[in-house]
Structure formats: structure tokens, C-alpha cells
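Source file: coords_39.cif (mmCIF, C-alpha atoms and all ligand atoms)
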data_target
loop_
_atom_site.group_PDB
_atom_site.id
_atom_site.type_symbol
_atom_site.label_atom_id
_atom_site.label_comp_id
_atom_site.auth_asym_id
_atom_site.auth_seq_id
_atom_site.Cartn_x
_atom_site.Cartn_y
_atom_site.Cartn_z
ATOM 1 C CA MET A 1 149.007 56.281 -43.369
ATOM 2 C CA SER A 2 149.278 56.409 -39.618
ATOM 3 C CA LEU A 3 151.755 54.158 -37.913
ATOM 4 C CA ARG A 4 149.811 52.408 -35.216
ATOM 5 C CA LEU A 5 152.518 51.309 -32.866
ATOM 6 C CA SER A 6 151.996 50.798 -29.186
ATOM 7 C CA ARG A 7 154.653 51.960 -26.778
ATOM 8 C CA ARG A 8 155.728 48.382 -26.139
ATOM 9 C CA ASN A 9 156.008 47.700 -29.850
ATOM 10 C CA LEU A 10 158.005 50.856 -30.289
ATOM 11 C CA LEU A 11 160.503 49.560 -27.760
ATOM 12 C CA ALA A 12 160.773 46.377 -29.776
ATOM 13 C CA ALA A 13 161.213 48.374 -32.964
ATOM 14 C CA SER A 14 163.894 50.596 -31.455
ATOM 15 C CA ALA A 15 165.689 47.541 -30.113
ATOM 16 C CA LEU A 16 165.763 46.331 -33.691
ATOM 17 C CA LEU A 17 167.447 49.431 -35.038
ATOM 18 C CA PRO A 18 170.313 48.934 -35.271
ATOM 19 C CA LEU A 19 170.223 45.169 -35.263
ATOM 20 C CA GLY A 20 173.148 43.052 -34.304
ATOM 21 C CA LEU A 21 172.005 41.092 -31.292
ATOM 22 C CA ARG A 22 171.111 37.432 -31.413
ATOM 23 C CA VAL A 23 171.752 37.093 -35.120
ATOM 24 C CA PRO A 24 172.172 33.370 -35.767
ATOM 25 C CA ALA A 25 175.106 32.087 -37.785
ATOM 26 C CA ILE A 26 174.350 31.207 -41.387
ATOM 27 C CA ALA A 27 175.435 27.965 -42.930
ATOM 28 C CA ALA A 28 173.214 27.746 -45.972
ATOM 29 C CA PRO A 29 174.224 29.315 -49.296
ATOM 30 C CA SER A 30 171.576 30.384 -51.781
ATOM 31 C CA SER A 31 168.870 27.754 -51.856
ATOM 32 C CA GLY A 32 168.957 27.129 -55.607
ATOM 33 C CA SER A 33 167.302 28.600 -58.666
ATOM 34 C CA TYR A 34 163.820 28.241 -60.135
ATOM 35 C CA ARG A 35 162.999 28.135 -63.837
ATOM 36 C CA VAL A 36 159.961 30.142 -64.892
ATOM 37 C CA GLY A 37 159.618 29.810 -68.654
ATOM 38 C CA ALA A 38 162.759 31.357 -70.102
ATOM 39 C CA PHE A 39 163.618 33.071 -66.795
ATOM 40 C CA THR A 40 165.929 31.875 -64.059
ATOM 41 C CA VAL A 41 165.047 33.159 -60.588
ATOM 42 C CA THR A 42 167.683 32.817 -57.880
ATOM 43 C CA PRO A 43 167.046 33.703 -54.226
ATOM 44 C CA LEU A 44 170.021 35.556 -52.768
ATOM 45 C CA LEU A 45 170.088 35.060 -49.012
ATOM 46 C CA ASP A 46 171.247 38.293 -47.371
ATOM 47 C CA GLY A 47 171.104 36.966 -43.819
ATOM 48 C CA LEU A 48 168.802 35.552 -41.164
ATOM 49 C CA PHE A 49 166.671 37.918 -39.151
ATOM 50 C CA PRO A 50 165.866 36.928 -35.541
ATOM 51 C CA LEU A 51 162.115 37.581 -35.441
ATOM 52 C CA GLU A 52 160.900 38.055 -31.878
ATOM 53 C CA PRO A 53 157.238 37.341 -31.036
ATOM 54 C CA SER A 54 156.984 40.972 -29.867
ATOM 55 C CA MET A 55 157.403 41.993 -33.515
ATOM 56 C CA ILE A 56 154.163 40.117 -34.276
ATOM 57 C CA PRO A 57 152.377 41.043 -31.032
ATOM 58 C CA ALA A 58 149.511 38.556 -31.477
ATOM 59 C CA ALA A 59 152.167 35.827 -31.388
ATOM 60 C CA GLU A 60 152.836 36.672 -27.739
ATOM 61 C CA SER A 61 150.030 34.263 -26.907
ATOM 62 C CA GLN A 62 149.514 30.600 -26.168
ATOM 63 C CA ALA A 63 148.794 30.017 -29.851
ATOM 64 C CA GLY A 64 152.039 31.728 -30.834
ATOM 65 C CA GLN A 65 154.078 29.883 -28.236
ATOM 66 C CA ALA A 66 152.598 26.565 -29.362
ATOM 67 C CA LEU A 67 153.576 27.250 -32.980
ATOM 68 C CA LEU A 68 157.139 28.204 -32.003
ATOM 69 C CA LYS A 69 157.528 25.161 -29.758
ATOM 70 C CA GLY A 70 156.036 22.898 -32.395
ATOM 71 C CA ALA A 71 158.758 24.060 -34.790
ATOM 72 C CA GLY A 72 161.452 23.171 -32.266
ATOM 73 C CA LEU A 73 162.087 26.810 -31.317
ATOM 74 C CA PRO A 74 161.988 28.355 -27.841
ATOM 75 C CA ALA A 75 158.384 29.303 -27.000
ATOM 76 C CA THR A 76 159.560 32.887 -26.499
ATOM 77 C CA GLY A 77 161.399 32.971 -29.840
ATOM 78 C CA PRO A 78 163.198 34.215 -31.750
ATOM 79 C CA SER A 79 162.312 32.587 -35.036
ATOM 80 C CA PRO A 80 165.121 32.961 -37.595
ATOM 81 C CA GLU A 81 163.623 34.262 -40.834
ATOM 82 C CA PRO A 82 165.459 34.682 -44.134
ATOM 83 C CA VAL A 83 166.018 38.049 -45.773
ATOM 84 C CA ASN A 84 166.163 37.400 -49.521
ATOM 85 C CA ALA A 85 166.765 39.409 -52.629
ATOM 86 C CA PHE A 86 166.191 37.752 -56.020
ATOM 87 C CA LEU A 87 168.358 37.637 -59.125
ATOM 88 C CA ILE A 88 166.211 37.274 -62.244
ATOM 89 C CA ARG A 89 167.912 36.370 -65.524
ATOM 90 C CA ARG A 90 166.862 35.845 -69.102
ATOM 91 C CA GLY A 91 169.607 35.376 -71.675
ATOM 92 C CA GLU A 92 172.142 38.158 -71.174
ATOM 93 C CA ARG A 93 169.782 40.326 -69.111
ATOM 94 C CA HIS A 94 170.127 40.586 -65.335
ATOM 95 C CA TRP A 95 167.605 42.138 -62.996
ATOM 96 C CA LEU A 96 167.438 42.281 -59.227
ATOM 97 C CA LEU A 97 164.304 42.293 -57.095
ATOM 98 C CA ASP A 98 165.252 44.008 -53.837
ATOM 99 C CA ALA A 99 168.812 44.199 -52.559
ATOM 100 C CA GLY A 100 168.872 43.003 -48.945
ATOM 101 C CA CYS A 101 170.006 45.033 -45.935
ATOM 102 C CA GLY A 102 173.515 45.992 -46.946
ATOM 103 C CA THR A 103 175.262 47.290 -43.863
ATOM 104 C CA VAL A 104 172.446 49.489 -42.548
ATOM 105 C CA LEU A 105 171.008 46.932 -40.083
ATOM 106 C CA GLY A 106 174.241 45.896 -38.431
ATOM 107 C CA PRO A 107 176.310 42.725 -38.774
ATOM 108 C CA GLY A 108 174.935 39.395 -39.933
ATOM 109 C CA PHE A 109 173.617 40.607 -43.302
ATOM 110 C CA ASN A 110 175.097 42.134 -46.469
ATOM 111 C CA ARG A 111 175.587 38.836 -48.305
ATOM 112 C CA VAL A 112 173.801 39.751 -51.532
ATOM 113 C CA THR A 113 176.926 40.901 -53.378
ATOM 114 C CA ALA A 114 178.760 37.686 -52.464
ATOM 115 C CA ALA A 115 175.710 35.653 -53.480
ATOM 116 C CA LEU A 116 175.680 37.468 -56.827
ATOM 117 C CA ALA A 117 179.395 36.758 -57.287
ATOM 118 C CA ALA A 118 178.728 33.075 -56.581
ATOM 119 C CA GLU A 119 176.329 33.210 -59.549
ATOM 120 C CA GLY A 120 179.028 34.856 -61.682
ATOM 121 C CA VAL A 121 177.255 38.223 -61.729
ATOM 122 C CA ARG A 122 178.907 41.581 -61.003
ATOM 123 C CA PRO A 123 176.869 44.478 -59.560
ATOM 124 C CA ASP A 124 177.528 46.536 -62.715
ATOM 125 C CA GLN A 125 175.747 43.876 -64.813
ATOM 126 C CA ILE A 126 172.428 44.554 -63.071
ATOM 127 C CA GLU A 127 170.368 46.730 -65.412
ATOM 128 C CA THR A 128 167.380 47.298 -63.115
ATOM 129 C CA VAL A 129 166.534 46.838 -59.455
ATOM 130 C CA TRP A 130 162.810 46.476 -58.797
ATOM 131 C CA LEU A 131 161.966 47.329 -55.214
ATOM 132 C CA SER A 132 159.083 45.645 -53.413
ATOM 133 C CA HIS A 133 159.250 48.562 -50.981
ATOM 134 C CA LEU A 134 161.739 50.899 -49.324
ATOM 135 C CA HIS A 135 162.214 49.230 -45.940
ATOM 136 C CA ALA A 136 165.853 48.905 -44.920
ATOM 137 C CA ASP A 137 165.987 45.105 -45.251
ATOM 138 C CA HIS A 138 165.077 45.438 -48.939
ATOM 139 C CA ALA A 139 166.749 48.683 -50.009
ATOM 140 C CA GLY A 140 169.764 49.020 -47.682
ATOM 141 C CA GLY A 141 171.798 46.786 -49.987
ATOM 142 C CA LEU A 142 171.567 49.394 -52.739
ATOM 143 C CA LEU A 143 174.113 51.419 -50.758
ATOM 144 C CA THR A 144 177.799 50.892 -50.153
ATOM 145 C CA PRO A 145 178.978 51.367 -46.535
ATOM 146 C CA SER A 146 179.724 54.999 -47.484
ATOM 147 C CA ARG A 147 176.147 55.375 -48.768
ATOM 148 C CA LEU A 148 176.975 55.521 -52.464
ATOM 149 C CA ALA A 149 175.218 53.545 -55.193
ATOM 150 C CA ARG A 150 176.351 49.910 -55.146
ATOM 151 C CA PHE A 151 174.863 49.155 -58.582
ATOM 152 C CA ALA A 152 176.677 51.424 -61.019
ATOM 153 C CA ASN A 153 174.386 50.907 -64.008
ATOM 154 C CA ALA A 154 171.060 50.043 -62.444
ATOM 155 C CA GLU A 155 167.826 51.921 -62.714
ATOM 156 C CA LEU A 156 165.565 51.665 -59.631
ATOM 157 C CA VAL A 157 161.911 50.939 -60.288
ATOM 158 C CA LEU A 158 159.262 51.248 -57.615
ATOM 159 C CA GLN A 159 155.699 52.309 -57.065
ATOM 160 C CA GLU A 160 154.999 56.028 -57.179
ATOM 161 C CA ARG A 161 153.176 55.817 -53.815
ATOM 162 C CA GLU A 162 156.292 54.347 -52.202
ATOM 163 C CA VAL A 163 158.551 57.182 -53.342
ATOM 164 C CA THR A 164 155.975 59.753 -52.271
ATOM 165 C CA TYR A 165 155.511 58.289 -48.791
ATOM 166 C CA TRP A 166 159.184 57.947 -47.855
ATOM 167 C CA SER A 167 160.004 61.377 -49.308
ATOM 168 C CA ASP A 168 157.193 63.073 -47.398
ATOM 169 C CA ALA A 169 158.411 65.318 -44.570
ATOM 170 C CA ALA A 170 154.970 65.229 -42.934
ATOM 171 C CA ALA A 171 154.874 61.417 -42.967
ATOM 172 C CA ARG A 172 158.296 61.345 -41.389
ATOM 173 C CA ALA A 173 157.348 63.925 -38.769
ATOM 174 C CA SER A 174 154.224 61.991 -37.780
ATOM 175 C CA ALA A 175 155.981 58.614 -37.697
ATOM 176 C CA PRO A 176 157.340 57.319 -34.383
ATOM 177 C CA ALA A 177 160.912 58.461 -33.727
ATOM 178 C CA ALA A 178 162.030 54.842 -33.615
ATOM 179 C CA LEU A 179 161.201 54.571 -37.312
ATOM 180 C CA SER A 180 163.368 57.536 -38.255
ATOM 181 C CA PRO A 181 166.193 55.210 -39.402
ATOM 182 C CA MET A 182 163.768 53.650 -41.927
ATOM 183 C CA PHE A 183 163.150 57.095 -43.428
ATOM 184 C CA GLU A 184 166.869 57.867 -43.355
ATOM 185 C CA THR A 185 167.735 54.721 -45.296
ATOM 186 C CA ALA A 186 164.901 55.194 -47.799
ATOM 187 C CA GLN A 187 165.928 58.786 -48.464
ATOM 188 C CA ALA A 188 169.624 57.872 -48.700
ATOM 189 C CA VAL A 189 168.748 55.253 -51.331
ATOM 190 C CA LEU A 190 166.688 57.723 -53.368
ATOM 191 C CA ALA A 191 169.512 60.281 -53.110
ATOM 192 C CA ALA A 192 172.197 57.791 -54.199
ATOM 193 C CA TYR A 193 170.468 57.081 -57.530
ATOM 194 C CA PRO A 194 169.610 60.554 -58.864
ATOM 195 C CA ASP A 195 168.076 60.489 -62.350
ATOM 196 C CA ARG A 196 167.907 56.700 -62.154
ATOM 197 C CA ILE A 197 164.541 56.252 -60.445
ATOM 198 C CA ARG A 198 161.514 55.170 -62.447
ATOM 199 C CA ARG A 199 158.118 55.341 -60.768
ATOM 200 C CA VAL A 200 155.337 53.045 -61.847
ATOM 201 C CA SER A 201 151.680 52.905 -60.822
ATOM 202 C CA GLY A 202 149.494 49.859 -60.356
ATOM 203 C CA GLU A 203 149.977 46.684 -62.361
ATOM 204 C CA ALA A 204 152.696 48.070 -64.599
ATOM 205 C CA GLU A 205 154.745 45.918 -66.951
ATOM 206 C CA LEU A 206 158.272 46.002 -65.519
ATOM 207 C CA ALA A 207 159.840 44.051 -68.394
ATOM 208 C CA PRO A 208 158.393 41.682 -70.980
ATOM 209 C CA CYS A 209 156.535 38.915 -69.027
ATOM 210 C CA ILE A 210 157.188 40.642 -65.681
ATOM 211 C CA HIS A 211 154.446 42.604 -63.956
ATOM 212 C CA ALA A 212 154.126 44.717 -60.815
ATOM 213 C CA LEU A 213 151.345 43.627 -58.457
ATOM 214 C CA PRO A 214 150.434 46.294 -55.884
ATOM 215 C CA LEU A 215 150.042 44.776 -52.398
ATOM 216 C CA PRO A 216 149.551 47.851 -50.185
ATOM 217 C CA GLY A 217 149.363 47.957 -46.407
ATOM 218 C CA HIS A 218 152.782 46.847 -45.234
ATOM 219 C CA THR A 219 153.847 50.111 -46.863
ATOM 220 C CA PRO A 220 151.757 52.318 -49.167
ATOM 221 C CA GLY A 221 153.591 51.246 -52.328
ATOM 222 C CA HIS A 222 154.437 47.677 -51.332
ATOM 223 C CA MET A 223 154.313 45.439 -54.415
ATOM 224 C CA GLY A 224 154.894 41.896 -55.548
ATOM 225 C CA VAL A 225 156.365 40.872 -58.880
ATOM 226 C CA LEU A 226 154.544 38.359 -61.070
ATOM 227 C CA ILE A 227 156.498 36.510 -63.768
ATOM 228 C CA VAL A 228 154.294 34.958 -66.456
ATOM 229 C CA ASP A 229 156.015 33.150 -69.306
ATOM 230 C CA GLY A 230 153.785 30.838 -71.305
ATOM 231 C CA SER A 231 152.016 28.534 -68.878
ATOM 232 C CA GLU A 232 154.577 29.074 -66.125
ATOM 233 C CA ARG A 233 154.033 31.644 -63.413
ATOM 234 C CA LEU A 234 155.741 32.702 -60.197
ATOM 235 C CA LEU A 235 154.657 35.415 -57.780
ATOM 236 C CA ILE A 236 157.378 36.917 -55.593
ATOM 237 C CA TRP A 237 155.137 38.546 -53.043
ATOM 238 C CA GLY A 238 157.474 40.805 -51.058
ATOM 239 C CA ASP A 239 156.575 40.951 -47.369
ATOM 240 C CA ILE A 240 153.116 39.347 -47.434
ATOM 241 C CA VAL A 241 154.458 37.242 -44.569
ATOM 242 C CA HIS A 242 157.439 37.894 -42.314
ATOM 243 C CA SER A 243 156.981 34.512 -40.638
ATOM 244 C CA ARG A 244 155.601 31.535 -42.533
ATOM 245 C CA LEU A 245 155.295 29.728 -39.208
ATOM 246 C CA LEU A 246 153.159 32.385 -37.485
ATOM 247 C CA GLN A 247 151.302 34.285 -40.208
ATOM 248 C CA MET A 248 150.237 31.545 -42.641
ATOM 249 C CA PRO A 249 147.955 29.935 -40.043
ATOM 250 C CA HIS A 250 147.046 33.409 -38.720
ATOM 251 C CA PRO A 251 146.786 35.888 -41.615
ATOM 252 C CA ASP A 252 145.398 38.512 -39.211
ATOM 253 C CA TRP A 253 148.625 38.645 -37.184
ATOM 254 C CA THR A 254 150.395 41.839 -38.195
ATOM 255 C CA VAL A 255 153.993 42.960 -37.845
ATOM 256 C CA ILE A 256 154.866 46.154 -36.035
ATOM 257 C CA TRP A 257 156.296 47.707 -39.200
ATOM 258 C CA ASP A 258 153.026 47.776 -41.148
ATOM 259 C CA THR A 259 152.157 51.331 -42.162
ATOM 260 C CA ASP A 260 148.465 50.409 -42.256
ATOM 261 C CA PRO A 261 147.840 47.141 -40.372
ATOM 262 C CA ALA A 262 144.183 46.826 -41.407
ATOM 263 C CA GLU A 263 145.080 47.228 -45.071
ATOM 264 C CA ALA A 264 147.988 44.800 -44.634
ATOM 265 C CA ILE A 265 145.614 42.143 -43.266
ATOM 266 C CA ALA A 266 143.090 42.680 -46.063
ATOM 267 C CA THR A 267 145.840 42.489 -48.695
ATOM 268 C CA ARG A 268 147.360 39.355 -47.141
ATOM 269 C CA ARG A 269 143.988 37.581 -47.039
ATOM 270 C CA ARG A 270 143.143 38.631 -50.592
ATOM 271 C CA ILE A 271 146.442 37.489 -52.105
ATOM 272 C CA LEU A 272 146.598 34.244 -50.109
ATOM 273 C CA ASP A 273 143.118 33.414 -51.322
ATOM 274 C CA ARG A 274 143.902 34.301 -54.936
ATOM 275 C CA VAL A 275 147.124 32.284 -54.916
ATOM 276 C CA ALA A 276 145.328 29.277 -53.405
ATOM 277 C CA VAL A 277 142.476 29.440 -55.917
ATOM 278 C CA GLU A 278 144.766 29.929 -58.933
ATOM 279 C CA GLY A 279 147.353 27.358 -57.837
ATOM 280 C CA LEU A 280 150.038 29.998 -58.333
ATOM 281 C CA SER A 281 153.612 29.287 -57.232
ATOM 282 C CA VAL A 282 154.906 31.836 -54.742
ATOM 283 C CA THR A 283 158.035 32.811 -52.927
ATOM 284 C CA GLY A 284 158.942 35.844 -50.873
ATOM 285 C CA MET A 285 161.613 37.916 -49.237
ATOM 286 C CA HIS A 286 161.039 36.177 -45.904
ATOM 287 C CA LEU A 287 160.290 32.673 -47.181
ATOM 288 C CA ALA A 288 162.961 29.984 -47.271
ATOM 289 C CA ALA A 289 161.132 28.068 -50.013
ATOM 290 C CA SER A 290 158.795 28.422 -52.949
ATOM 291 C CA GLY A 291 155.557 26.511 -53.260
ATOM 292 C CA ARG A 292 151.816 26.643 -53.596
ATOM 293 C CA ILE A 293 149.319 27.783 -51.018
ATOM 294 C CA GLU A 294 146.426 25.736 -49.676
ATOM 295 C CA ARG A 295 143.691 26.705 -47.286
ATOM 296 C CA ALA A 296 144.135 25.069 -43.864
ATOM 297 C CA GLY A 297 141.467 25.677 -41.241
ATOM 298 C CA THR A 298 141.004 29.406 -40.884
ATOM 299 C CA GLY A 299 144.436 30.067 -42.373
ATOM 300 C CA TYR A 300 146.714 28.783 -45.076
ATOM 301 C CA THR A 301 149.741 26.571 -45.522
ATOM 302 C CA LEU A 302 152.647 26.538 -47.975
ATOM 303 C CA ILE A 303 153.173 23.180 -49.660
HETATM 304 ZN ZN ZN B 401 161.083 42.818 -45.110
#

In C-alpha cells, what does this structure look like?
Ligand SMILES: [Zn+2]
Amino acid sequence: MSLRLSRRNLLAASALLPLGLRVPAIAAPSSGSYRVGAFTVTPLLDGLFPLEPSMIPAAESQAGQALLKGAGLPATGPSPEPVNAFLIRRGERHWLLDAGCGTVLGPGFNRVTAALAAEGVRPDQIETVWLSHLHADHAGGLLTPSRLARFANAELVLQEREVTYWSDAAARASAPAALSPMFETAQAVLAAYPDRIRRVSGEAELAPCIHALPLPGHTPGHMGVLIVDGSERLLIWGDIVHSRLLQMPHPDWTVIWDTDPAEAIATRRRILDRVAVEGLSVTGMHLAASGRIERAGTGYTLI
């Protein structure tokens, strides 16, 4: 569970916290809903995150610069990446998968509540929030600016390993100081929902037709959510990629926030391969689209 961050990466991480610089303006509303059997899945765009190549250190290379330039971006970045939560509905039931940044990462985010309102959903109608993991861009939105629970009636559901890690004083003490705000946010979230936290382990059923899929490495309890209704399936894979542009062709390129980079690479390769073989539809917290995955050279592509 060591955090393998170089000094240079730590500087990048501390520059990130708090965010607020170089956040691009957002024009796009939520990008539309998907039907999965009887479920409606709606991405809720919380904001755009300016991903710098230094946050994926292997991208500070000719290969990385070529990819950025090829996408019409400056060769030195940043690459604007979406931060999504997902509203999942079936009949009168409303669930949320992740909650965006809230106000904990500075201005430019905190649009989930407005995106929910645009769908005609109030925060108190959310019965459960499933959390892919406890990083601030996924869990910060569970808090009001005064760090109270934003979702009055929601139970939080997450992997046991995730709760254990972010609650662990020793893990916090051994983590780089620059990551202290991540622990602060995670612990504030757990404290704001006392008696409303349900821990699951492994491939638990989260609701009928909805399953947890452990995808460890980015964090110890990082998980995706797989919706299977009849012949229709969608995997919402959390943070398997932070940059479609950089990490799909290069699955071995890790982000500086991975708790265990080697495990994160192995998990990314395993799930990309499975999704490609099974023809599974996927989307993610940092993907602007949903689609299927195909092998392309030594990497993959989203189609
Ligand atoms: Zn994330």
C-alpha cells in the first residue's frame, strides 16, 4: 500500500491540491442518458479537470507529446478530462454512483447537484450512493461546503478495503504530506454519514441487476459497477483511465495518485482485455463517452 511518488510528482500533486488554476470553462451539459435494460444511466458532469502530463509521468515523452498534439492540444498539455458522477434510475428508485468533487477541489467543479436538478431529481431522493473509491473528485460532492451530508437520505456503499485504508492512521502517516487533503476529505465524508455506511467485499450485489466489480490498484478498494439486465450490460469502470487519449494506447502509463501503480497497471490490462473480449459497453468517471473497447497495437481504443 505504499505510495510511490517521486519528489517531482509530489510537487505536481501538491500543485493540484487545492485546484483552481487553468480550469477550462465548461459549455457542455450532461451528455445524455443510456438505457441498460430497465435502467436509465445519466452521466452528471461535475467539471473538467486540467490533466497535466506530469500527472501521468510517462506522458512527459515524445510519445505523450505526439498524442497531445495529435488531439489538437498543446504538446505540454493540459488535457481537459471530465469528472463524472452517474445517476442510475429504475422506476421510482434513484441511485448515484460517485458524487463529483463538491467544493473540496476549488472552483470549476460542484455541478452534480445542478445536473441532478436538470434531471428533476432532488438530493433527498437518492437512496444510495455507491462509491468507486474515496478520492476527492468522487466523494467530495457528498459534502456541503460546511462539510455536512449533502444527501439527506442516502446510504453510502463502498468496499470494505476502501474504508479501512482511508481510516487507517498508519496509512495516512506513511503517505506523502501532499496527499493529506485526500485523507482529510475521505475521513470527512465517512464522518458526515455516521450509521449510513455499508461495506461490501468483492463482487457484491449492490441492487438487483447491479454488481460491484473490484478493480484494485488505483486505491485498495477501487471498484467498478456492472449493470446486467437481460442481454444488456454496461460497466462503469471508475478510474481505470484518467485520460482516454494517453492511457488507452499506453495501459502501462500510471497516474501519480495510484496507491499501488503495479497493481493498477495489472488491473487496467486485465479489465481492458476482458471488456474487449466480451464486447462489453463501458463508460467511466473520466470518459466523455461510452463505447466498446478494441485492441489496437499494443494498447486499446474506445469505439
Ligand atoms: Zn478520479

Suppose a student applies the PyMOL selection byres (((chain A and resi 146) around 12) and not hetatm) to this structure; what residues should they get, written as a short mmCIF file (atom, residue, chain, number, x, y, z; two decimals) with C-alpha atoms, in the coordinates of the input?
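Once everything was written out, this is selection_15.cif:
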data_model
loop_
_atom_site.label_atom_id
_atom_site.label_comp_id
_atom_site.auth_asym_id
_atom_site.auth_seq_id
_atom_site.Cartn_x
_atom_site.Cartn_y
_atom_site.Cartn_z
CA GLY A 102 173.52 45.99 -46.95
CA THR A 103 175.26 47.29 -43.86
CA VAL A 104 172.45 49.49 -42.55
CA GLY A 140 169.76 49.02 -47.68
CA GLY A 141 171.80 46.79 -49.99
CA LEU A 142 171.57 49.39 -52.74
CA LEU A 143 174.11 51.42 -50.76
CA THR A 144 177.80 50.89 -50.15
CA PRO A 145 178.98 51.37 -46.54
CA ARG A 147 176.15 55.38 -48.77
CA LEU A 148 176.98 55.52 -52.46
CA ALA A 149 175.22 53.54 -55.19
CA ARG A 150 176.35 49.91 -55.15
CA ALA A 188 169.62 57.87 -48.70
CA VAL A 189 168.75 55.25 -51.33
CA ALA A 192 172.20 57.79 -54.20
#

Would you mind listing what lies within 6 Å of Val157 (chain A) as a PyMOL selection string, with all atoms listed in the file counted and same-chain residues fewer than 3 positions away left out?
-> chain A and resi 130+197-199

Closest pair table for chain A residues within 10 Å of ligand ZN 401 (chain B), all atoms listed in the file, as a Markdown table:
| residue | atom | partner | partner_atom | distance |
| --- | --- | --- | --- | --- |
| A:Phe49 | CA | B:ZN401 | ZN | 9.5 |
| A:Glu81 | CA | B:ZN401 | ZN | 9.9 |
| A:Pro82 | CA | B:ZN401 | ZN | 9.3 |
| A:Val83 | CA | B:ZN401 | ZN | 6.9 |
| A:Asn84 | CA | B:ZN401 | ZN | 8.6 |
| A:Asp98 | CA | B:ZN401 | ZN | 9.7 |
| A:Gly100 | CA | B:ZN401 | ZN | 8.7 |
| A:Cys101 | CA | B:ZN401 | ZN | 9.2 |
| A:Ser132 | CA | B:ZN401 | ZN | 9.0 |
| A:His133 | CA | B:ZN401 | ZN | 8.4 |
| A:Leu134 | CA | B:ZN401 | ZN | 9.1 |
| A:His135 | CA | B:ZN401 | ZN | 6.6 |
| A:Ala136 | CA | B:ZN401 | ZN | 7.7 |
| A:Asp137 | CA | B:ZN401 | ZN | 5.4 |
| A:His138 | CA | B:ZN401 | ZN | 6.1 |
| A:Ala139 | CA | B:ZN401 | ZN | 9.5 |
| A:His218 | CA | B:ZN401 | ZN | 9.2 |
| A:Gly238 | CA | B:ZN401 | ZN | 7.2 |
| A:Asp239 | CA | B:ZN401 | ZN | 5.4 |
| A:Ile240 | CA | B:ZN401 | ZN | 9.0 |
| A:Val241 | CA | B:ZN401 | ZN | 8.7 |
| A:His242 | CA | B:ZN401 | ZN | 6.7 |
| A:Trp257 | CA | B:ZN401 | ZN | 9.0 |
| A:Gly284 | CA | B:ZN401 | ZN | 9.3 |
| A:Met285 | CA | B:ZN401 | ZN | 6.4 |
| A:His286 | CA | B:ZN401 | ZN | 6.7 |

Separating CA of Trp237 (chain A) from CA of Arg35 (chain A), to the nearest tenth of an Å, is a gap of 16.9 Å

Inset, instruction - Point out the residue among A:Pro80, A:Ser243, A:Leu105, A:Thr42 with the least atom-to-atom distance to Glu119 (chain A), counting only C-alpha atoms. - result: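 Distance minimum relative to Glu119 (chain A) lands on A:Thr42.
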
(message) For the provided coordinates, the residues matched by the PyMOL selection byres (((chain A and resi 204-208) around 10) and not hetatm) should be stated as number ranges by chain.
(response) A: 95, 128, 130, 157-159, 199-203, 209-214, 225-229

8 Å per side around region 80-89 of chain A: axis-aligned box centre and edge lengths, as AutoDock Vina command-line options:
--center_x 166.0 --center_y 36.2 --center_z -51.6 --size_x 20.7 --size_y 22.4 --size_z 43.9

message = Can you translate the PyMOL selection byres (((chain A and resi 254) around 12) and not hetatm) into the concrete residues it hits in this file, as a PyMOL selection string?
response = chain A and resi 4-5+9+53-60+217-218+239-243+246-248+250-253+255-269

CA of Ala186 (chain A) sits from CA of Thr219 (chain A) at a separation of 12.2 Å

message: To one decimal place in Å, what is the distance between CA of Glu232 (chain A) and CA of Ser281 (chain A)?
response: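 A separation of 8.9 Å between them.
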
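Nearest residue to Gly108 (chain A), choosing from A:Val163, A:Ala63, A:Leu45, A:Ile126 and counting all atoms listed in the file: A:Leu45.
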
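Shortest separation to Ala152 (chain A) among A:Ser231, A:Ser174, A:Gln125, A:Thr298 occurs at residue A:Gln125, atoms counted being all atoms listed in the file.
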
* Of the candidates A:Leu287, A:Val129, A:Ile293, A:Val282, which shows the shortest atom-to-atom distance to Tyr34 (chain A), using all atoms listed in the file? ->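 Smallest distance to Tyr34 (chain A) is found for A:Val282.
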
Skipping near chain neighbours, those fewer than 4 positions away, what residues fall within 12 Å of Leu280 (chain A) using all atoms listed in the file, listed as a list of chain:residue names?
A:Val36, A:Leu226, A:Ile227, A:Val228, A:Ser231, A:Glu232, A:Arg233, A:Leu234, A:Leu235, A:Ile236, A:Trp237, A:Ile271, A:Leu272, A:Asp273, A:Arg274, A:Val275, A:Ala276, A:Ser290, A:Gly291, A:Arg292, A:Ile293, A:Glu294, A:Leu302, A:Ile303

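Minimum atom-to-atom distance to Asp46 (chain A), evaluated using only C-alpha atoms, belongs to A:Val112 out of A:Ala118, A:Leu245, A:Ala177, A:Val112.
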
Using all atoms listed in the file, which of A:Val277, A:Ala169, A:Leu215, A:Ala38 sits nearest Arg90 (chain A)?
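Looking at the shortest contact to Arg90 (chain A), the residue is A:Ala38.
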